Amino acid sequence: MRALAMFPSERELRIVEMRAPTTVGPTEVMVRIREVGVCGTDREILELKHGAPPQGSERLVLGHEAFGEVVAIGPDVKSLHVGDLVALTVRRPCNVPTCAACRAGRQDFCTTGAFRECGILGADGFMTELVVEDEHYVVPVPKALEEVGVLVEPLSVASKAGEELDAILRRYPWEPTRMRALVLGAGPIGLLAAMMLVAREVDVVMYSLEPADSERARMVESFGGTYVSARDVQLDELPRRIGKTDLIFEAVGHSGVAFGSLAALAPNGICIFSGLPAGAGPTEVQLDGIMRNLVLQNQVVLGTVNAGRRAFAAAVRQLEQFETLFPEPLNGLITERVTLEQAPELLRHPRGIKQVVTFAT
Ligand SMILES: [Zn+2]
Ligand SMILES: [Zn+2]
């Protein structure tokens, strides 16, 4: 079977021939991959900024945003059947006995850093025809989501942020109503997070680089958000233009924008960072004002990475909700589908919103 692999020592991306798995263990399932999304993480692996092959291997099979169909199950598998459509979780636990997070099945909170991530760090990914995984890492997706199931993984990042948000909101002895949110960055994760917040009846402003008459701006308006282009409004003008906001979801990966946006955070506000800074060098931020507001206004800033199985299951439920509430923008997120042969070119030249590699079924 074919797979797309990165050879870091040669700085080369190649389609390789691999031996297809033929058996499954008692609690394992075999998944025929249908679609794999690509994102900035894959491109960082190509640029050798991130990731590593499995120990002892010279190449890493790419692909961490996978959607497929169960084609075989082990005798002890309980949660899945042959024919089920599924998404695959990405992070695998470390082996350190004292890592409470991994021992509790929450490797997204791993404290040792010795976790592995399929298609990213120390474990092969899903950009291939067949994979075998323990059922615990495989999440069922209803047939009705066939066209958008590949979005479960990117949405799971926002879904985990939603779980964190719920945990923090429990500090209020009242029910917060009609909250306002600012989402930074109209990439796939920002757009999915904005949809999630709109579905939660939060008033959403999306702030991003694309012009106000762009396709992405129209998409945001079409699912009920308000779009503000960074070309029209400077970051430091934002609080004056849109008012204070109860939530900020950051998905731009720029520290100046992330911390600069805090001036727009309302009292008791919560800001969630999900992007990784691109490393553009020193950034000037007025830390006194930020610290003063954090203390005097009970504000929270937190980071979030990866997602647990529960957040994947939440992402599946949220996709079902999006299909009902705003099917057109949801389906519009996937802007291009290509074959495995076209994947190397696609990875080198990003375009559109979410690009997907499709395997013939
Ligand atoms: Zn990704
Ligand atoms: Zn761990």
# chains A, B, ... in the order shown; residues from 1 in each chain; ligands from 1

$ residues_near_ligand --ligand "ligand 1" --cutoff "9 Å" --atoms "only C-alpha atoms and all ligand atoms" --output "JSON, numbers by chain"
{"A": [37, 38, 39, 40, 41, 42, 63, 64, 65, 153, 154, 189]}

$ residues_near_ligand --ligand "ligand 2" --cutoff "8 Å" --atoms "only C-alpha atoms and all ligand atoms" --output "list of chain:residue names"
A:Pro93, A:Cys94, A:Asn95, A:Val96, A:Cys99, A:Ala100, A:Ala101, A:Cys102, A:Arg103, A:Gln107, A:Phe109, A:Cys110, A:Thr111, A:Thr112, A:Gly113, A:Ala114, A:Phe115

$ residues_around --residues "Ser208 (chain A)" --least-positions-apart "5" --cutoff "8 Å" --atoms "only C-alpha atoms" --output "PDB file with all heavy atoms, in the first residue's frame"
ATOM      1  N   LEU A 184      -9.728  35.140  16.836  1.00  0.00           N
ATOM      2  CA  LEU A 184      -8.611  35.704  16.075  1.00  0.00           C
ATOM      3  C   LEU A 184      -8.110  34.684  15.062  1.00  0.00           C
ATOM      4  O   LEU A 184      -7.634  33.616  15.449  1.00  0.00           O
ATOM      5  CB  LEU A 184      -7.477  36.077  17.030  1.00  0.00           C
ATOM      6  CG  LEU A 184      -7.834  37.025  18.174  1.00  0.00           C
ATOM      7  CD1 LEU A 184      -6.688  37.090  19.188  1.00  0.00           C
ATOM      8  CD2 LEU A 184      -8.147  38.413  17.637  1.00  0.00           C
ATOM      9  N   GLY A 185      -8.238  35.008  13.777  1.00  0.00           N
ATOM     10  CA  GLY A 185      -7.681  34.141  12.735  1.00  0.00           C
ATOM     11  C   GLY A 185      -8.725  33.279  12.060  1.00  0.00           C
ATOM     12  O   GLY A 185      -9.309  32.404  12.692  1.00  0.00           O
ATOM     13  N   ALA A 186      -8.966  33.525  10.756  1.00  0.00           N
ATOM     14  CA  ALA A 186      -9.997  32.797  10.007  1.00  0.00           C
ATOM     15  C   ALA A 186      -9.425  31.590   9.279  1.00  0.00           C
ATOM     16  O   ALA A 186      -9.791  31.291   8.143  1.00  0.00           O
ATOM     17  CB  ALA A 186     -10.713  33.737   9.036  1.00  0.00           C
ATOM     18  N   TYR A 227     -17.643  39.922  10.836  1.00  0.00           N
ATOM     19  CA  TYR A 227     -16.248  39.869  10.409  1.00  0.00           C
ATOM     20  C   TYR A 227     -15.621  41.255  10.458  1.00  0.00           C
ATOM     21  O   TYR A 227     -16.195  42.226   9.943  1.00  0.00           O
ATOM     22  CB  TYR A 227     -16.151  39.307   8.980  1.00  0.00           C
ATOM     23  CG  TYR A 227     -14.718  39.073   8.560  1.00  0.00           C
ATOM     24  CD1 TYR A 227     -14.073  37.895   8.886  1.00  0.00           C
ATOM     25  CD2 TYR A 227     -14.003  40.048   7.863  1.00  0.00           C
ATOM     26  CE1 TYR A 227     -12.743  37.681   8.533  1.00  0.00           C
ATOM     27  CE2 TYR A 227     -12.679  39.845   7.503  1.00  0.00           C
ATOM     28  CZ  TYR A 227     -12.061  38.657   7.834  1.00  0.00           C
ATOM     29  OH  TYR A 227     -10.748  38.453   7.488  1.00  0.00           O
ATOM     30  N   VAL A 228     -14.454  41.363  11.071  1.00  0.00           N
ATOM     31  CA  VAL A 228     -13.691  42.612  11.065  1.00  0.00           C
ATOM     32  C   VAL A 228     -12.309  42.305  10.495  1.00  0.00           C
ATOM     33  O   VAL A 228     -11.602  41.426  10.990  1.00  0.00           O
ATOM     34  CB  VAL A 228     -13.572  43.206  12.492  1.00  0.00           C
ATOM     35  CG1 VAL A 228     -12.717  44.467  12.473  1.00  0.00           C
ATOM     36  CG2 VAL A 228     -14.951  43.495  13.084  1.00  0.00           C
ATOM     37  N   SER A 229     -11.942  43.014   9.433  1.00  0.00           N
ATOM     38  CA  SER A 229     -10.652  42.774   8.799  1.00  0.00           C
ATOM     39  C   SER A 229      -9.566  43.606   9.482  1.00  0.00           C
ATOM     40  O   SER A 229      -9.747  44.800   9.764  1.00  0.00           O
ATOM     41  CB  SER A 229     -10.709  43.143   7.316  1.00  0.00           C
ATOM     42  OG  SER A 229      -9.401  43.103   6.778  1.00  0.00           O
ATOM     43  N   ALA A 230      -8.423  42.964   9.703  1.00  0.00           N
ATOM     44  CA  ALA A 230      -7.274  43.664  10.281  1.00  0.00           C
ATOM     45  C   ALA A 230      -6.755  44.746   9.331  1.00  0.00           C
ATOM     46  O   ALA A 230      -5.975  45.608   9.728  1.00  0.00           O
ATOM     47  CB  ALA A 230      -6.173  42.663  10.611  1.00  0.00           C
TER      48      ALA A 230
END

$ closest_atom_pairs --of "region 263-317 of chain A" --to "region 48-59 of chain A" --cutoff "12 Å" --atoms "only C-alpha atoms" --output "Markdown table"
| residue | atom | partner | partner_atom | distance |
| --- | --- | --- | --- | --- |
| A:Leu276 | CA | A:His50 | CA | 11.2 |
| A:Ala278 | CA | A:Lys49 | CA | 10.0 |
| A:Gly279 | CA | A:Lys49 | CA | 10.9 |

$ residues_around --residues "region 301-309 of chain A" --least-positions-apart "3" --cutoff "6 Å" --atoms "only C-alpha atoms" --output "list of chain:residue names"
A:Arg106, A:Asp108, A:Ser156, A:Val157, A:Lys160, A:Ile270, A:Cys271, A:Ile272, A:Phe273, A:Ser274, A:Phe312

$ select_by_dssp --residues "region 90-209 of chain A" --states "strand (DSSP E)" --output "VMD selection string"
chain A and resid 91 to 92 116 to 118 122 to 123 130 to 134 138 to 141 180 to 184 203 to 208

$ select_by_dssp --residues "region 54-289 of chain A" --states "alpha helix (DSSP H)" --output "PyMOL selection string"
chain A and resi 100-103+152-169+188-199+215-222+238-242+255-260+287-289

$ closest_atom_pairs --of "region 97-176 of chain A" --to "region 351-355 of chain A" --cutoff "12 Å" --atoms "only C-alpha atoms" --output "JSON lines"
{"residue": "A:Val148", "atom": "CA", "partner": "A:Lys354", "partner_atom": "CA", "distance": 10.9}
{"residue": "A:Val150", "atom": "CA", "partner": "A:Lys354", "partner_atom": "CA", "distance": 9.9}
{"residue": "A:Leu151", "atom": "CA", "partner": "A:Lys354", "partner_atom": "CA", "distance": 8.8}
{"residue": "A:Pro154", "atom": "CA", "partner": "A:Lys354", "partner_atom": "CA", "distance": 9.9}
{"residue": "A:Leu155", "atom": "CA", "partner": "A:Lys354", "partner_atom": "CA", "distance": 12.0}

$ residues_around --residues "Gln234 (chain A)" --least-positions-apart "4" --cutoff "12 Å" --atoms "only C-alpha atoms" --output "PDB file with N, CA, C and O atoms, in the first residue's frame"
ATOM      1  N   TYR A 207     -11.825  38.308  13.792  1.00  0.00           N
ATOM      2  CA  TYR A 207     -10.855  39.328  13.387  1.00  0.00           C
ATOM      3  C   TYR A 207      -9.719  38.615  12.670  1.00  0.00           C
ATOM      4  O   TYR A 207      -9.080  37.719  13.233  1.00  0.00           O
ATOM      5  N   SER A 208      -9.490  38.975  11.414  1.00  0.00           N
ATOM      6  CA  SER A 208      -8.480  38.263  10.641  1.00  0.00           C
ATOM      7  C   SER A 208      -7.920  39.150   9.538  1.00  0.00           C
ATOM      8  O   SER A 208      -8.427  40.238   9.279  1.00  0.00           O
ATOM      9  N   LEU A 209      -6.864  38.652   8.899  1.00  0.00           N
ATOM     10  CA  LEU A 209      -6.140  39.438   7.899  1.00  0.00           C
ATOM     11  C   LEU A 209      -6.880  39.626   6.582  1.00  0.00           C
ATOM     12  O   LEU A 209      -6.692  40.633   5.893  1.00  0.00           O
ATOM     13  N   VAL A 228     -14.454  41.363  11.071  1.00  0.00           N
ATOM     14  CA  VAL A 228     -13.691  42.612  11.065  1.00  0.00           C
ATOM     15  C   VAL A 228     -12.309  42.305  10.495  1.00  0.00           C
ATOM     16  O   VAL A 228     -11.602  41.426  10.990  1.00  0.00           O
ATOM     17  N   SER A 229     -11.942  43.014   9.433  1.00  0.00           N
ATOM     18  CA  SER A 229     -10.652  42.774   8.799  1.00  0.00           C
ATOM     19  C   SER A 229      -9.566  43.606   9.482  1.00  0.00           C
ATOM     20  O   SER A 229      -9.747  44.800   9.764  1.00  0.00           O
ATOM     21  N   ALA A 230      -8.423  42.964   9.703  1.00  0.00           N
ATOM     22  CA  ALA A 230      -7.274  43.664  10.281  1.00  0.00           C
ATOM     23  C   ALA A 230      -6.755  44.746   9.331  1.00  0.00           C
ATOM     24  O   ALA A 230      -5.975  45.608   9.728  1.00  0.00           O
ATOM     25  N   LEU A 238      -9.346  47.912  18.229  1.00  0.00           N
ATOM     26  CA  LEU A 238     -10.416  46.908  18.259  1.00  0.00           C
ATOM     27  C   LEU A 238     -11.372  47.081  19.450  1.00  0.00           C
ATOM     28  O   LEU A 238     -12.594  47.086  19.245  1.00  0.00           O
ATOM     29  N   PRO A 239     -10.873  47.286  20.703  1.00  0.00           N
ATOM     30  CA  PRO A 239     -11.809  47.429  21.823  1.00  0.00           C
ATOM     31  C   PRO A 239     -12.783  48.590  21.611  1.00  0.00           C
ATOM     32  O   PRO A 239     -13.962  48.475  21.952  1.00  0.00           O
ATOM     33  N   ARG A 240     -12.270  49.674  21.042  1.00  0.00           N
ATOM     34  CA  ARG A 240     -13.125  50.847  20.817  1.00  0.00           C
ATOM     35  C   ARG A 240     -14.173  50.543  19.745  1.00  0.00           C
ATOM     36  O   ARG A 240     -15.318  50.974  19.837  1.00  0.00           O
ATOM     37  N   ARG A 241     -13.774  49.752  18.733  1.00  0.00           N
ATOM     38  CA  ARG A 241     -14.694  49.469  17.622  1.00  0.00           C
ATOM     39  C   ARG A 241     -15.738  48.403  17.950  1.00  0.00           C
ATOM     40  O   ARG A 241     -16.882  48.500  17.524  1.00  0.00           O
ATOM     41  N   ILE A 242     -15.324  47.370  18.667  1.00  0.00           N
ATOM     42  CA  ILE A 242     -16.284  46.271  18.909  1.00  0.00           C
ATOM     43  C   ILE A 242     -16.738  46.177  20.364  1.00  0.00           C
ATOM     44  O   ILE A 242     -17.624  45.401  20.696  1.00  0.00           O
ATOM     45  N   VAL A 257      -0.330  39.671  18.411  1.00  0.00           N
ATOM     46  CA  VAL A 257      -1.786  39.728  18.246  1.00  0.00           C
ATOM     47  C   VAL A 257      -2.459  39.079  19.462  1.00  0.00           C
ATOM     48  O   VAL A 257      -3.434  39.610  20.014  1.00  0.00           O
ATOM     49  N   GLY A 260      -1.828  41.352  22.465  1.00  0.00           N
ATOM     50  CA  GLY A 260      -2.419  42.652  22.155  1.00  0.00           C
ATOM     51  C   GLY A 260      -3.932  42.627  22.246  1.00  0.00           C
ATOM     52  O   GLY A 260      -4.564  43.615  22.621  1.00  0.00           O
ATOM     53  N   SER A 261      -4.533  41.478  21.949  1.00  0.00           N
ATOM     54  CA  SER A 261      -6.001  41.374  21.957  1.00  0.00           C
ATOM     55  C   SER A 261      -6.558  41.450  23.366  1.00  0.00           C
ATOM     56  O   SER A 261      -7.742  41.721  23.557  1.00  0.00           O
TER      57      SER A 261
END

$ closest_residue --among "A:Ala264, A:Leu145, A:Cys118, A:Ser159" --to "Arg180 (chain A)" --atoms "only C-alpha atoms"
A:Ala264

$ atom_distance --atom1 "CA of His136 (chain A)" --atom2 "CA of Leu88 (chain A)"
9.4 Å

$ residues_around --residues "Glu323 (chain A)" --least-positions-apart "5" --cutoff "9 Å" --atoms "only C-alpha atoms" --output "JSON, numbers by chain"
{"A": [144, 145, 318, 328, 330, 331]}

$ write_last_selection --atoms "N, CA, C and O atoms" --output "mmCIF file, in the first residue's frame"
data_model
loop_
_atom_site.group_PDB
_atom_site.id
_atom_site.type_symbol
_atom_site.label_atom_id
_atom_site.label_comp_id
_atom_site.auth_asym_id
_atom_site.auth_seq_id
_atom_site.Cartn_x
_atom_site.Cartn_y
_atom_site.Cartn_z
ATOM 1 N N ALA A 144 -24.193 10.355 8.307
ATOM 2 C CA ALA A 144 -24.646 11.663 7.815
ATOM 3 C C ALA A 144 -23.500 12.678 7.731
ATOM 4 O O ALA A 144 -23.621 13.699 7.047
ATOM 5 N N LEU A 145 -22.396 12.387 8.407
ATOM 6 C CA LEU A 145 -21.263 13.323 8.398
ATOM 7 C C LEU A 145 -20.156 12.893 7.440
ATOM 8 O O LEU A 145 -19.028 13.399 7.510
ATOM 9 N N GLN A 318 -20.896 18.228 17.650
ATOM 10 C CA GLN A 318 -20.958 19.615 17.174
ATOM 11 C C GLN A 318 -21.066 19.675 15.656
ATOM 12 O O GLN A 318 -21.800 20.502 15.111
ATOM 13 N N GLU A 328 -24.096 24.984 4.627
ATOM 14 C CA GLU A 328 -23.305 25.515 3.503
ATOM 15 C C GLU A 328 -21.915 25.986 3.911
ATOM 16 O O GLU A 328 -20.919 25.539 3.347
ATOM 17 N N LEU A 330 -20.315 25.121 6.520
ATOM 18 C CA LEU A 330 -19.571 23.961 7.026
ATOM 19 C C LEU A 330 -18.929 23.207 5.868
ATOM 20 O O LEU A 330 -17.729 22.920 5.888
ATOM 21 N N ASN A 331 -19.720 22.899 4.844
ATOM 22 C CA ASN A 331 -19.174 22.165 3.697
ATOM 23 C C ASN A 331 -18.185 23.018 2.911
ATOM 24 O O ASN A 331 -17.267 22.493 2.283
#
